[in-house]
Structures are given as C-alpha cells and as structure tokens.
Amino acid sequence: MRCEILGARLVAAWTWNASDDTCGICRLPFDATCTDCKLPGDGCPLAIGQCTHPFHLHCILKWLASANSRGQCPLCRQEWQFQQQAE
Amino acid sequence: MQNVASGRRAVAAAPLPASVEAAWGAPTPKKLVIRAFRHVPKLPDDFYEENWSELLAALRAIQAGDGQCFSREELFRKVEDVCLHDMAARLYGDLEREMDRHLAEALAVLPAPETVPAYRPVLAAWKQHCRQTQIVGDIFLYLDRTYAVMNTNVRSLGEMARALFAKHLLAHDGRVLRPTIASALQAIEKDRRGEPMERAELRDLLVDMLDTLGFYRTEFEPQLFATTRAFYAAEGRHYVAERSLPEYLGHCEMRLQQEQERVQAYLDASSQRQLLAILNDALGRQCVEAMMDKGLEALFDETRVDDLGRLYQLLRRIDATWKLTPRYGEYIKRRCAAITLDEEHDADMVKNLLALHERAELMERDAFRGDKKFHNAAQTAFEAAINLRQNVPAELLARHFDQLLRAGNKAYNEEQLNEVLSRLMELFRFLNGKDVFEAFYKSHLAKRLLLGRSASIDWERSVVARLRTECGASFTNHLENMFKDMDVSADLMQAFEQRRQRRNAPALPPIQFHCQVLTQAYWPCGPPLAIKLPESLQRCQDAFARFYLSKHSGRRLAWHSAMSTCELRARFPRGEKTLSVSLHQALVLLQFNDADALPYTAIREHTGIFDDRELKRTLQSLACGKARVLQKEPRGRDVHDTDRFAFHTDFTDPHYRIRINQIQSKESQEEQRNTSERVFQDRQYQIDAAIVRIMKARRRLSHAQLIGELYAQLPFPHKPADLKRRIESLIQREYLARDDANPNAYRYVA
C-alpha cells in the first residue's frame with residue numbers, strides 16, 4: 001500500500017426525486033420554485049400523488065382549492081391522494 | 001440812568017396796596033445818585049489794526065518755523081479781545097486770507113516733480129501745515145469756539161485749514177496733486193515688484209493726507225484700481241506664456257497675501273475688497289483657464305494635493321469651480337477607461353482601479369475640501385468608464401474579492417482588509433452588470449467554502465452583508481443560502497456520526513469522512529461526473545446516502561466529485577507524506593498501489609474519469625506541477641493519450657504536508673465561459689419576463705416604445721439586437737403578435 005485514504009470531504013447536491021423535471025401545473029422546473037415563491041429548496045417542496053404525478057406543493061394545493069378541480073389530479077383525473085411520505 | 005431807575009420804581013409801585021404806599025411815602029431824608037460816565041469809553045480807532053498786525057507778525061513767524069518768541073498767552077488774549085469787540089468776522093476773514101496766501105506760496109515753490117519721489121515735498125508741506133494749523137488753532141481758539149461754532153455757515157478753523165490745503169493741491173489743474181498721486185502709484189508698483197520703499201511715508205501720504213483731504217476716494221482710488229489691474233493683467237500674460245501651473249498657483253496665493261498686507265500697511269481698509277477682486281479677476285479669471293490647459297493633467301497624475309488645493313481655492317475666489325469639475329471628471333474617466341480597456345494588463349486592472357479610486361478620494365478630500373460636486377463628477381466618470389467594457393471588470397472584481405478572502409492571504413491585517421473591502425465595494429457600486437459579478441462571486445465562494453479555502457467565515461458573512469446593503473436581499477439570497485447549507489451539512493454530519501457510533505451498524509472504514517449536501521439551486525455546480533470510487537470510500541458514501549435519504553424522503557443526491565477533496569497518506573521510499581489533493585487526484589494516485597507504472601488509458605479505465613480534459617488536467621497537476629509525485633514518460637508539459645505514468649519513487653519534499661493544487665489556468669477559462677453563459681441565460685429570462693410584463697400592462701406598443709420601456713426596466717446593459725431576438729422568440733411562442741395594421745407594433749396575446 002503506497003497510498004491510503006485518511007480523510008475525504010465529498011460534495012453532493014440534492015434535488016427533488018420526481019418522475020418529471022417540471023411541474024405539470026406551472027410548467028416551471030422543480031429545481032426552481034412555483035410561481036408564488038422566491039426561493040427554491042425546502043421553502044417550496046413538491047408533492048407526489050398516489051398516481052405518482054409530482055407537482056409543486058403550492059401549485060397542487062391551489063389547484064385542489066379551486067372549484068373545478070373536483071379533487072382530482074390535473075394530469076390523470078384520478079382522485080388526488082398525497083403519497084404517504086416514507087419515514 | 002436815573003430815568004431808568006425811577007421808571008422801574010413807578011412800574012413796581014403801581015400795583016402796590018395803599019398801606020405799603022403809605023410806608024414808602026414816608027419822608028426820605030437822603031438820596032444816593034449814581035451817574036453814568038459822561039463819555040462812553042471808546043475803542044481806539046486802530047484797535048483792530050494794531051492787534052491784527054501783531055497777530056500777523058506772530059503768524060508769519062510761525063509760518064517761518066519760529067513762533068517761540070511770542071507769548072501764546074498774549075496772542076490768545078488779543079484774539080479774545082478782538083472777538084469781544086464784535087470783530088470776529090473780520091479777524092476770521094483776515095486769518096483765512098493770510099493762510100490762503102501762505103499756502104499758495106508754500107505749494108508754489110515746491111520743487112519740480114523730477115525729484116524722486118515727487119510726493120515727498122508735498123507730504124512735508126502737509127506735515128508742516130498740520131503743525132502750524134495746530135498752533136494757530138491754539139492761538140485762535142477763542143475765535144474758533146465762539147464765532148465759528150455759533151455760525152453754522154462758517155467752517156471751524158481746522159476745516160478751513162484743510163479746505164485751503166485741498167484747494168491749493170487742486171489749483172492750476174492739479175499741478176501739485178497729479179504728480180503726487182502718480183508718484184505714490186509708482187511707489188506702490190515698486191513695492192509690488194519687491195523693490196524697497198518707505199511704507200510708513202506712504203501711509204502718511206495716502207491715509208493721513210489724501211484721505212483727510214477727501215482725495216483718497218475721488219482721485220487716488222480709481223487710479224490705484226486702474227494701475228493694479230494693468231499690473232496684474234501684464235503679470236498674468238507673462239505667467240501664461242512662460243510659467244508652469246504650480247508656479248502660477250503659488251504666485252497667485254502669494255500675491256493675494258501681499259496685497260492684503262499692503263492694505264494693512266498703507267492703504268485704507270475699504271480698498272481691500274475691490275483690490276482683491278481686481279487681483280482675482282486679472283490674475284485669476286483671465287488666466288486660469290489657459291493655465292489649466294497647460295498643466296492640469298500633470299497635477300492630477302501626480303496627485304499634487306497642495307497645488308490642486310491652491311487651484312481650488314483660487315477658483316473658489318473667482319466663483320468658477322465649475323470650470324474645474326468637468327476637467328476633473330474627464331480626467332478620472334480617461335484614466336479609468338485606460339485601465340479598463342487595457343486588455344494586456346487585466347491582471348492588474350482591479351489593483352489599478354483601486355489605486356485610482358484612492359487617489360481620487362484623496363484629491364476630493366484634501367484638495368477639493370470635500371466638495372460634493374467633485375465627488376459626484378468622479379462617481380459619474382468611474383461608472384461610465386468601468387462599464388465601457390462589458391463583464392470583464394465585474395469578473396475581475398469578483399476574482400479580487402476571492403483573492404482577499406482566500407485562506408493564506410497574509411497581505412492585510414483585519415483593519416486593512418476592512419478598508420480594502422470598503423474600497424472594493426465602492427468599485428462594485430459602479431458596475432452595471434452586477435449579475436455578472438454575482439455569478440462569478442458565487443462560483444468563487446462555492447470553491448472557497450467547499451474546498452475549505454476561506455480565510456474566515458466571519459469575513460465571508462460580512463462581505464455578503466455589505467452586498468446585501470448595497471443591492472438588497474434578493475441579490476444575496478443565494479449567497480446566504482450557501483452559508484446555510486454549510487451549517488445544515490455540519491449538523492447533518494454530527495447526526496451521522498452519532499448514528500454511526502450508537503447503532504451496531506456495519507463498521508465503516510477508518511476514514512475521516514465528511515459530506516457537504518448542497519441545495520442544487522443555490523450552488524453553481526456543473527453536471528455530476530460518474531467516477532469509480534475506491535471500495536472503502538464508496539461504502540462511506542453509500543452509508544451517508546442511506547442516512548440522508550432516510551431523513552429527507554423525496555430527494556435524490558447527485559455526487560459532485562469535482563468539488564470533493566481527499567487527504568492521503570503516501571509512503572514514498574524517502575519519506576512518508578500527507579497529501580491534500582482533490583478527489584480525482586486521489587483516485588489517480590490510488591491506482592499506483594498495485595502498479596509501478598500505468599499507461600494513460602489504463603488510468604482512465606480504472607478511475608472512471610472519462611472526461612479526458614479533466615483527467616489530463618489531473619495528471620498534469622500530479623506529474624508536471626510543483627510537487628511531482630508521478631513521473632511522466634515521455635517528459636513534457638502536456639499530457640497525451642499515449643503517455644505512461646509511474647510512481648515517483650525518488651520524491652522528496654521538505655514539508656510533511658503537501659497540497660497539490662489543480663491546474664488553474666485552463667480550468668478557470670472554461671469556468672469563466674460557463675459562468676458567462678449562465679449569466680447570459682439568466683438575462684434572457686429577465687428580458688423575456690420584462691417584455692411580457694410590459695406588454696401585458698400596455699397591450700399594444702410600437703417597437704420603439706417597447707425598447708424604451710425595456711431600457712428603463714432592465715438592470716443590466718444589453719444590446720438592441722438581443723432584445724429583438726427575444727421579441728422574435730416570444731412572437732414564435734405566441735406571447736406576442738405583430739400588429740395587423742402596423743408592422744412596427746406588437747400586441748399582447750393573452
């Protein structure tokens with residue numbers, strides 16, 4: 001053994017783990033924010049339905065609050081259920 | 001006399017009551033009669049002539065300079081006598097005639113004005129006249145106090161004497177006065193030329209004599225002003241032609257002081273204002289512009305604060321500082337532009353700008369007495385000149401910040417650093433493309449934080465705080481969140497360590513393992529590179545990833561090996577060393593545990609660094625840098641696909657810990673391109689957003705109007721061509737449409 005590792009400082013970057021890169025409602029990337037937020041990251045998380053469709057949390061909440069949503073996922077029209085977050 | 005007395009009694013008796021009448025009416029035995037003189041005493045006929053002839057004799061003696069043989073007491077009595085006998089008017093007239101006659105004589109026999117200086121005999125005559133008037137006044141005091149005081153149309157003796165002297169000075173068309181004044185002016189000119197002259201004498205002449213006689217203001221002063229103007233105008237012409245600006249400025253100041261002294265010494269104080277005004281006008285206003293043309297640039301160049309201060313004061317006096325302000329502004333702009341546009345010395349640009357800024361500050365403070373106009377001119381000039389070149393100044397400024405804040409910078413102590421930072425902030429304020437600065441600053445900051453190169457986290461925060469006060473919170477949001485990520489990572493690592501120890505989890509290799517988790521959006525990281533980690537490190541990484549994802553579901557981690565660092569213990573035959581290297585460098589070095597020498601392709605295969613540029617750079621830093629822990633075959637600076645590398649068995653170094661730096665130059669060029677690219681993209685979004693915002697509000701706009709509004713809104717410099725391209729793109733994407741009626745107008749498509 002000529003060389004051995006004493007220590008390491010690794011760098012990782014986290015992004016949202018979603019099946020899509022952009023939000024189906026506001027069409028903005030998940031790495032960015034929904035239209036109402038200024039700062040990406042923890043402040044503007046995303047929500048994934050049981051139908052596996054991801055949206056910005058703020059976007060989907062706004063959609064569900066509107067009358068013509070009928071509580072459905074805007075992409076597949078299934079009834080919207082938040083995917084249980086694994087602990 | 002009797003009649004008078006009895007009459008008085010009759011008048012008194014009339015109203016008396018009877019009883020009293022009876023008492024008075026009693027028999028009067030004796031009567032005393034007082035009689036008046038028979039003859040009223042008469043003045044001798046020659047009473048006046050006799051007195052006057054004596055007085056005249058005395059006067060003559062006084063005029064001749066010896067009045068000692070007369071008793072003043074006696075003479076005084078005579079005057080009193082004459083006055084008491086109602087002959088004051090006659091005496092006054094005779095006295096006046098006599099003095100008049102004497103003065104006519106005295107001033108007529110004055111020597112011709114060829115004698116130098118010509119005023120001297122006149123002054124002597126005046127002094128004598130004053131002395132005589134004094135004595136005459138004493139003798140004729142009674143006349144003065146009774147006759148002259150009682151009659152308002154009769155002048156007092158002193159006044160009369162002065163008027164007579166004045167009359168004779170003026171007589172014969174000013175035959176005496178003119179040469180007197182001319183010679184006085186000559187003396188003043190001599191004084192101005194620095195030749196010796198009698199100041200006290202001149203004071204007697206000008207202030208005592210001319211001013212008392214009333215000629216100072218009417219006859220002397222206008223001529224004084226005229227000659228002063230002529231003198232200084234000539235001097236000004238001479239200076240413009242032959243002297244340098246600093247000499248001229250020193251001279252002006254000296255002249256001003258001299259002229260003030262002169263007024264103190266032998267002129268009337270009331271002349272000062274006008275005199276200085278003439279001086280300032282003739283020597284200052286008429287010449288200063290020509291003089292500034294001659295040498296102003298050199299004064300600025302050499303930062304001659306004293307001379308500039310003089311110039312400023314001179315201009316202040318003639319109320320013309322506005323002549324200097326634009327010149328100053330232009331100078332700053334010219335110098336600043338020269339620095340900014342000098343592409344060959346980009347490395348020194350910030351240093352030079354800082355120096356120029358410091359000089360400007362010095363001049364404004366010490367020479368221009370903190371005059372706001374100059375400060376503003378400089379600010380405008382700096383701003384215009386720095387932005388003559390796009391992006392590069394912003395980038396270099398960011399790099400300068402980086403150099404200051406990087407660890408190992410020992411050039412400044414805390415106080416100095418603070419000062420330099422303030423100055424850098426001043427320069428930053430001038431930048432138009434602040435977004436460019438931010439992008440570069442961010443990428444430098446990321447490196448400092450991740451590679452542990454930052455000198456002090458407190459300094460980092462203080463700079464960001466300054467940027468925030470300068471540009472607002474939205475500007476520094478990302479930067480501040482980067483600090484936050486660092487803190488969060490530290491907490492995270494603590495939790496990770498605790499879990500590692502608490503649970504009887506599979507033991508991890510004995511590596512000081514640390515991991516930074518960044519929020520992708522805040523950090524300027526490129527695409528992750530897939531590499532093959534050594535098994536031990538991979539286990540640590542996996543363990544951490546599991547730990548992290550268990551805490552934050554819904555996320556994924558991308559590993560950025562380019563920013564990762566490693567510490568290696570390397571056993572060279574001639575000594576053990578600790579190497580601080582990048583992760584890529586470490587991977588390459590680890591390949592030589594099993595092999596003495598490897599070809600390039602094998603290294604590429606084993607490390608998994610398939611990006612040739614990155615791998616070559618890494619190899620170059622190990623084999624061609626300062627500390628050559630690898631040997632390259634064949635030798636040379638550049639790495640080729642066919643090269644072979646061997647572990648350097650003879651490696652020695654005096655230090656135990658060695659940091660092997662990455663090759664910087666090419667890397668930073670590429671990074672620079674990337675950063676510029678990012679900025680450019682960001683700007684495009686901003687332009688799009690601005691166009692849509694404006695059009696949404698206005699619905700219909702002509703092209704020119706739209707461009708105008710955009711200019712007002714966009715916070716960075718931009719070219720019309722860029723704007724056109726964005727409008728084109730928005731039309732394609734159907735946010736806008738060309739107006740049907742007018743091809744030069746757009747309309748918003750909802």
# chains A, B, ... in the order shown; residues from 1 in each chain; ligands from 1

call {"tool": "interface_residues", "arguments": {"of": "chain B", "to": "chain A", "cutoff": "7 Å", "atoms": "only C-alpha atoms", "output": "CSV table (one decimal) with N, CA, C and O atoms, in the first residue's frame"}}
result
chain,number,residue,atom,x,y,z
B,511,ILE,N,-12.0,6.2,8.0
B,511,ILE,CA,-11.8,7.4,7.1
B,511,ILE,C,-12.5,8.6,7.8
B,511,ILE,O,-13.6,8.5,8.2
B,512,GLN,N,-11.7,9.7,7.9
B,512,GLN,CA,-12.3,10.9,8.3
B,512,GLN,C,-13.3,11.4,7.2
B,512,GLN,O,-12.9,12.1,6.3
B,513,PHE,N,-14.5,10.9,7.4
B,513,PHE,CA,-15.5,11.2,6.3
B,513,PHE,C,-16.4,12.4,6.5
B,513,PHE,O,-16.9,12.5,7.6
B,514,HIS,N,-16.4,13.2,5.5
B,514,HIS,CA,-17.3,14.4,5.7
B,514,HIS,C,-18.0,14.6,4.4
B,514,HIS,O,-17.5,14.4,3.3
B,515,CYS,N,-19.3,15.1,4.5
B,515,CYS,CA,-20.0,15.2,3.3
B,515,CYS,C,-20.8,16.6,3.4
B,515,CYS,O,-21.4,16.9,4.4
B,516,GLN,N,-20.7,17.3,2.3
B,516,GLN,CA,-21.5,18.6,2.2
B,516,GLN,C,-22.7,18.3,1.3
B,516,GLN,O,-22.5,17.8,0.2
B,517,VAL,N,-23.9,18.6,1.8
B,517,VAL,CA,-25.0,18.4,1.0
B,517,VAL,C,-25.5,19.8,0.6
B,517,VAL,O,-25.8,20.7,1.4
B,518,LEU,N,-25.5,20.0,-0.7
B,518,LEU,CA,-25.9,21.4,-1.2
B,518,LEU,C,-27.3,21.4,-1.8
B,518,LEU,O,-27.8,20.3,-2.3
B,519,THR,N,-28.0,22.5,-1.7
B,519,THR,CA,-29.2,22.6,-2.4
B,519,THR,C,-28.9,23.0,-3.8
B,519,THR,O,-28.3,24.1,-4.0
B,520,GLN,N,-29.2,22.2,-4.7
B,520,GLN,CA,-28.7,22.3,-6.1
B,520,GLN,C,-28.9,23.7,-6.6
B,520,GLN,O,-28.1,24.3,-7.2
B,521,ALA,N,-30.1,24.3,-6.3
B,521,ALA,CA,-30.4,25.5,-7.0
B,521,ALA,C,-29.5,26.7,-6.6
B,521,ALA,O,-29.4,27.7,-7.3
B,550,SER,N,-33.0,8.7,4.3
B,550,SER,CA,-33.9,8.3,5.3
B,550,SER,C,-34.4,9.5,6.1
B,550,SER,O,-35.6,9.6,6.6
B,553,SER,N,-37.0,12.3,2.7
B,553,SER,CA,-37.5,11.4,1.6
B,553,SER,C,-37.9,12.4,0.4
B,553,SER,O,-38.1,13.6,0.6
B,554,GLY,N,-38.1,11.8,-0.7
B,554,GLY,CA,-38.5,12.6,-1.9
B,554,GLY,C,-37.3,13.3,-2.5
B,554,GLY,O,-37.5,14.2,-3.3
B,555,ARG,N,-36.1,13.0,-2.1
B,555,ARG,CA,-35.0,13.7,-2.6
B,555,ARG,C,-34.1,12.7,-3.3
B,555,ARG,O,-34.1,11.5,-3.0
B,556,ARG,N,-33.2,13.2,-4.1
B,556,ARG,CA,-32.1,12.3,-4.5
B,556,ARG,C,-30.8,13.1,-4.4
B,556,ARG,O,-30.8,14.4,-4.5
B,557,LEU,N,-29.7,12.4,-4.3
B,557,LEU,CA,-28.4,13.0,-4.2
B,557,LEU,C,-27.6,12.8,-5.5
B,557,LEU,O,-27.6,11.7,-6.0
B,558,ALA,N,-27.0,13.9,-5.9
B,558,ALA,CA,-26.0,13.7,-7.1
B,558,ALA,C,-24.6,14.1,-6.5
B,558,ALA,O,-24.5,15.1,-5.8
B,559,TRP,N,-23.6,13.3,-6.8
B,559,TRP,CA,-22.3,13.4,-6.2
B,559,TRP,C,-21.5,14.2,-7.1
B,559,TRP,O,-21.3,13.9,-8.3
B,560,HIS,N,-20.9,15.3,-6.6
B,560,HIS,CA,-20.0,16.2,-7.4
B,560,HIS,C,-18.6,15.9,-7.0
B,560,HIS,O,-18.1,16.5,-6.1
B,561,SER,N,-18.0,15.0,-7.8
B,561,SER,CA,-16.6,14.7,-7.4
B,561,SER,C,-15.6,15.8,-7.7
B,561,SER,O,-14.6,15.9,-7.0
B,563,MET,N,-15.7,18.8,-6.9
B,563,MET,CA,-15.5,19.7,-5.8
B,563,MET,C,-15.0,19.0,-4.5
B,563,MET,O,-14.9,19.6,-3.5
B,564,SER,N,-14.9,17.6,-4.6
B,564,SER,CA,-14.6,16.9,-3.4
B,564,SER,C,-13.1,16.9,-3.2
B,564,SER,O,-12.3,17.0,-4.2
B,565,THR,N,-12.7,16.7,-2.0
B,565,THR,CA,-11.2,16.7,-1.7
B,565,THR,C,-10.9,15.5,-0.9
B,565,THR,O,-11.8,14.8,-0.3
B,566,CYS,N,-9.6,15.2,-0.8
B,566,CYS,CA,-9.2,13.9,-0.1
B,566,CYS,C,-7.9,14.2,0.6
B,566,CYS,O,-7.1,15.0,0.1
B,567,GLU,N,-7.7,13.5,1.6
B,567,GLU,CA,-6.4,13.5,2.3
B,567,GLU,C,-5.7,12.1,2.2
B,567,GLU,O,-6.4,11.2,2.6
B,568,LEU,N,-4.5,12.1,1.7
B,568,LEU,CA,-3.9,10.8,1.5
B,568,LEU,C,-2.6,10.7,2.3
B,568,LEU,O,-1.9,11.7,2.5
B,569,ARG,N,-2.4,9.5,2.8
B,569,ARG,CA,-1.0,9.3,3.3
B,569,ARG,C,-0.2,8.5,2.3
B,569,ARG,O,-0.7,7.4,1.8
B,570,ALA,N,0.9,9.0,1.8
B,570,ALA,CA,1.6,8.4,0.8
B,570,ALA,C,3.0,8.0,1.3
B,570,ALA,O,3.7,8.9,1.9
B,571,ARG,N,3.3,6.8,1.1
B,571,ARG,CA,4.6,6.3,1.6
B,571,ARG,C,5.6,6.3,0.4
B,571,ARG,O,5.6,5.4,-0.4
B,590,LEU,N,-4.2,6.5,-6.1
B,590,LEU,CA,-4.5,5.2,-5.5
B,590,LEU,C,-4.3,4.0,-6.5
B,590,LEU,O,-4.0,2.9,-6.1
B,593,ASN,N,-1.1,1.9,-6.1
B,593,ASN,CA,-0.9,1.0,-5.0
B,593,ASN,C,-0.5,-0.4,-5.6
B,593,ASN,O,0.2,-1.1,-5.0

call {"tool": "residues_around", "arguments": {"residues": "stretch 58-62 of chain A", "least_positions_apart": "2", "cutoff": "12 Å", "atoms": "only C-alpha atoms", "output": "ChimeraX atom specification"}}
result
/A:22-28,30,33-37,43-49,53-56,64-69,71-75,80-82

call {"tool": "write_last_selection", "arguments": {"atoms": "N, CA, C and O atoms", "output": "compact mmCIF listing (two decimals), in the first residue's frame"}}
result
# COMPACT_ATOMS: atom_id res chain seq x y z
N THR A 22 -40.38 19.04 -14.61
CA THR A 22 -41.14 20.28 -14.45
C THR A 22 -42.50 19.99 -13.86
O THR A 22 -43.04 18.90 -14.02
N CYS A 23 -43.03 20.98 -13.21
CA CYS A 23 -44.34 20.86 -12.58
C CYS A 23 -45.41 20.90 -13.66
O CYS A 23 -45.36 21.75 -14.56
N GLY A 24 -46.35 19.99 -13.60
CA GLY A 24 -47.38 19.93 -14.61
C GLY A 24 -48.33 21.09 -14.56
O GLY A 24 -49.07 21.36 -15.51
N ILE A 25 -48.35 21.84 -13.49
CA ILE A 25 -49.29 22.96 -13.38
C ILE A 25 -48.64 24.27 -13.84
O ILE A 25 -49.13 24.93 -14.72
N CYS A 26 -47.51 24.60 -13.23
CA CYS A 26 -46.92 25.89 -13.57
C CYS A 26 -45.86 25.76 -14.66
O CYS A 26 -45.35 26.77 -15.13
N ARG A 27 -45.52 24.59 -15.05
CA ARG A 27 -44.55 24.32 -16.10
C ARG A 27 -43.14 24.81 -15.76
O ARG A 27 -42.31 24.97 -16.64
N LEU A 28 -42.91 25.10 -14.49
CA LEU A 28 -41.57 25.51 -14.08
C LEU A 28 -40.83 24.31 -13.53
O LEU A 28 -41.45 23.38 -13.01
N PHE A 30 -38.79 21.76 -11.20
CA PHE A 30 -38.89 21.53 -9.75
C PHE A 30 -37.70 22.13 -9.01
O PHE A 30 -37.79 22.49 -7.84
N THR A 33 -38.81 27.35 -8.29
CA THR A 33 -39.95 27.39 -7.37
C THR A 33 -41.24 27.46 -8.15
O THR A 33 -41.25 27.64 -9.38
N CYS A 34 -42.34 27.33 -7.44
CA CYS A 34 -43.63 27.60 -8.03
C CYS A 34 -43.72 29.11 -8.27
O CYS A 34 -42.84 29.85 -7.89
N THR A 35 -44.80 29.54 -8.90
CA THR A 35 -44.87 30.94 -9.30
C THR A 35 -44.93 31.89 -8.11
O THR A 35 -44.62 33.07 -8.25
N ASP A 36 -45.35 31.40 -6.96
CA ASP A 36 -45.53 32.31 -5.83
C ASP A 36 -44.30 32.45 -4.95
O ASP A 36 -44.20 33.38 -4.18
N CYS A 37 -43.36 31.50 -5.07
CA CYS A 37 -42.23 31.54 -4.16
C CYS A 37 -41.04 32.23 -4.80
O CYS A 37 -40.96 32.35 -6.02
N GLY A 43 -38.22 25.61 1.14
CA GLY A 43 -39.37 26.52 1.24
C GLY A 43 -40.46 26.20 0.24
O GLY A 43 -41.61 26.58 0.43
N CYS A 44 -40.14 25.53 -0.81
CA CYS A 44 -41.14 25.25 -1.85
C CYS A 44 -41.03 23.78 -2.24
O CYS A 44 -40.49 23.44 -3.29
N PRO A 45 -41.51 22.89 -1.40
CA PRO A 45 -41.34 21.46 -1.66
C PRO A 45 -42.27 20.97 -2.75
O PRO A 45 -43.11 21.73 -3.24
N LEU A 46 -42.10 19.72 -3.11
CA LEU A 46 -43.05 19.22 -4.09
C LEU A 46 -43.88 18.09 -3.48
O LEU A 46 -43.54 17.54 -2.44
N ALA A 47 -45.00 17.84 -4.12
CA ALA A 47 -45.92 16.84 -3.61
C ALA A 47 -46.14 15.80 -4.69
O ALA A 47 -46.24 16.13 -5.87
N ILE A 48 -46.20 14.56 -4.28
CA ILE A 48 -46.42 13.49 -5.26
C ILE A 48 -47.72 12.79 -4.89
O ILE A 48 -47.97 12.47 -3.72
N GLY A 49 -48.57 12.63 -5.90
CA GLY A 49 -49.84 11.96 -5.64
C GLY A 49 -49.67 10.45 -5.69
O GLY A 49 -48.61 9.94 -6.09
N HIS A 53 -47.92 11.36 -9.91
CA HIS A 53 -47.65 12.65 -10.58
C HIS A 53 -47.14 13.67 -9.57
O HIS A 53 -47.78 13.89 -8.56
N PRO A 54 -45.99 14.29 -9.89
CA PRO A 54 -45.43 15.28 -8.96
C PRO A 54 -45.82 16.71 -9.36
O PRO A 54 -45.94 17.02 -10.54
N PHE A 55 -46.05 17.53 -8.35
CA PHE A 55 -46.29 18.97 -8.57
C PHE A 55 -45.61 19.73 -7.45
O PHE A 55 -45.27 19.16 -6.43
N HIS A 56 -45.48 21.04 -7.68
CA HIS A 56 -45.11 21.87 -6.54
C HIS A 56 -46.24 21.77 -5.52
O HIS A 56 -47.41 21.84 -5.90
N LEU A 64 -56.29 22.21 -5.97
CA LEU A 64 -57.32 21.49 -5.22
C LEU A 64 -58.32 22.44 -4.59
O LEU A 64 -59.49 22.11 -4.42
N ALA A 65 -57.83 23.65 -4.26
CA ALA A 65 -58.72 24.61 -3.62
C ALA A 65 -59.69 25.21 -4.63
O ALA A 65 -60.73 25.75 -4.26
N SER A 66 -59.37 25.15 -5.91
CA SER A 66 -60.26 25.77 -6.90
C SER A 66 -61.47 24.85 -7.14
O SER A 66 -61.37 23.64 -6.98
N ALA A 67 -62.58 25.45 -7.55
CA ALA A 67 -63.84 24.73 -7.59
C ALA A 67 -63.84 23.62 -8.63
O ALA A 67 -64.30 22.51 -8.39
N ASN A 68 -63.25 23.92 -9.80
CA ASN A 68 -63.39 22.94 -10.87
C ASN A 68 -62.37 21.82 -10.82
O ASN A 68 -62.22 21.08 -11.77
N SER A 69 -61.67 21.69 -9.73
CA SER A 69 -60.70 20.60 -9.66
C SER A 69 -61.39 19.29 -9.31
O SER A 69 -60.98 18.22 -9.71
N GLY A 71 -61.21 17.76 -6.81
CA GLY A 71 -60.34 16.89 -6.03
C GLY A 71 -59.58 15.88 -6.85
O GLY A 71 -59.13 14.86 -6.34
N GLN A 72 -59.40 16.23 -8.14
CA GLN A 72 -58.73 15.25 -9.00
C GLN A 72 -57.33 15.71 -9.35
O GLN A 72 -57.01 16.90 -9.31
N CYS A 73 -56.49 14.75 -9.71
CA CYS A 73 -55.16 15.08 -10.21
C CYS A 73 -55.32 15.75 -11.56
O CYS A 73 -56.06 15.26 -12.41
N PRO A 74 -54.69 16.86 -11.77
CA PRO A 74 -54.90 17.58 -13.04
C PRO A 74 -54.36 16.83 -14.25
O PRO A 74 -54.72 17.16 -15.37
N LEU A 75 -53.51 15.85 -14.05
CA LEU A 75 -52.97 15.15 -15.22
C LEU A 75 -53.79 13.93 -15.60
O LEU A 75 -54.09 13.70 -16.76
N TRP A 80 -57.24 12.79 -6.17
CA TRP A 80 -55.89 13.13 -5.68
C TRP A 80 -55.71 12.67 -4.24
O TRP A 80 -56.49 12.98 -3.36
N GLN A 81 -54.67 11.88 -4.04
CA GLN A 81 -54.26 11.46 -2.69
C GLN A 81 -52.77 11.72 -2.57
O GLN A 81 -52.01 11.32 -3.46
N PHE A 82 -52.37 12.39 -1.47
CA PHE A 82 -50.93 12.56 -1.28
C PHE A 82 -50.28 11.22 -1.03
O PHE A 82 -50.80 10.40 -0.27

call {"tool": "atom_distance", "arguments": {"atom1": "atom CA of B:Phe374", "atom2": "atom CA of B:Ala338"}}
result
20.4 Å

call {"tool": "closest_residue", "arguments": {"among": "B:Ala148, B:Ala108, B:Leu619, B:Ala337", "to": "B:Arg175", "atoms": "only C-alpha atoms"}}
result
B:Ala108

call {"tool": "select_by_dssp", "arguments": {"residues": "chain A", "states": "strand (DSSP E or B)", "output": "ChimeraX atom specification"}}
result
/A:3-16,22,29,46-49,54-56,72,79,82

call {"tool": "closest_residue", "arguments": {"among": "B:Val82, B:Glu289, B:Leu164, B:Val40", "to": "B:Glu98", "atoms": "only C-alpha atoms"}}
result
B:Leu164

call {"tool": "select_by_dssp", "arguments": {"residues": "stretch 106-318 of chain B", "states": "alpha helix (DSSP H)", "output": "ChimeraX atom specification"}}
result
/B:106-108,119-139,141-143,149-150,157-174,177-192,199-203,212-213,215,221-242,245-266,272-279,288-301,305-317

call {"tool": "atom_distance", "arguments": {"atom1": "atom CA of B:Arg262", "atom2": "atom CA of B:Ala200"}}
result
11.2 Å
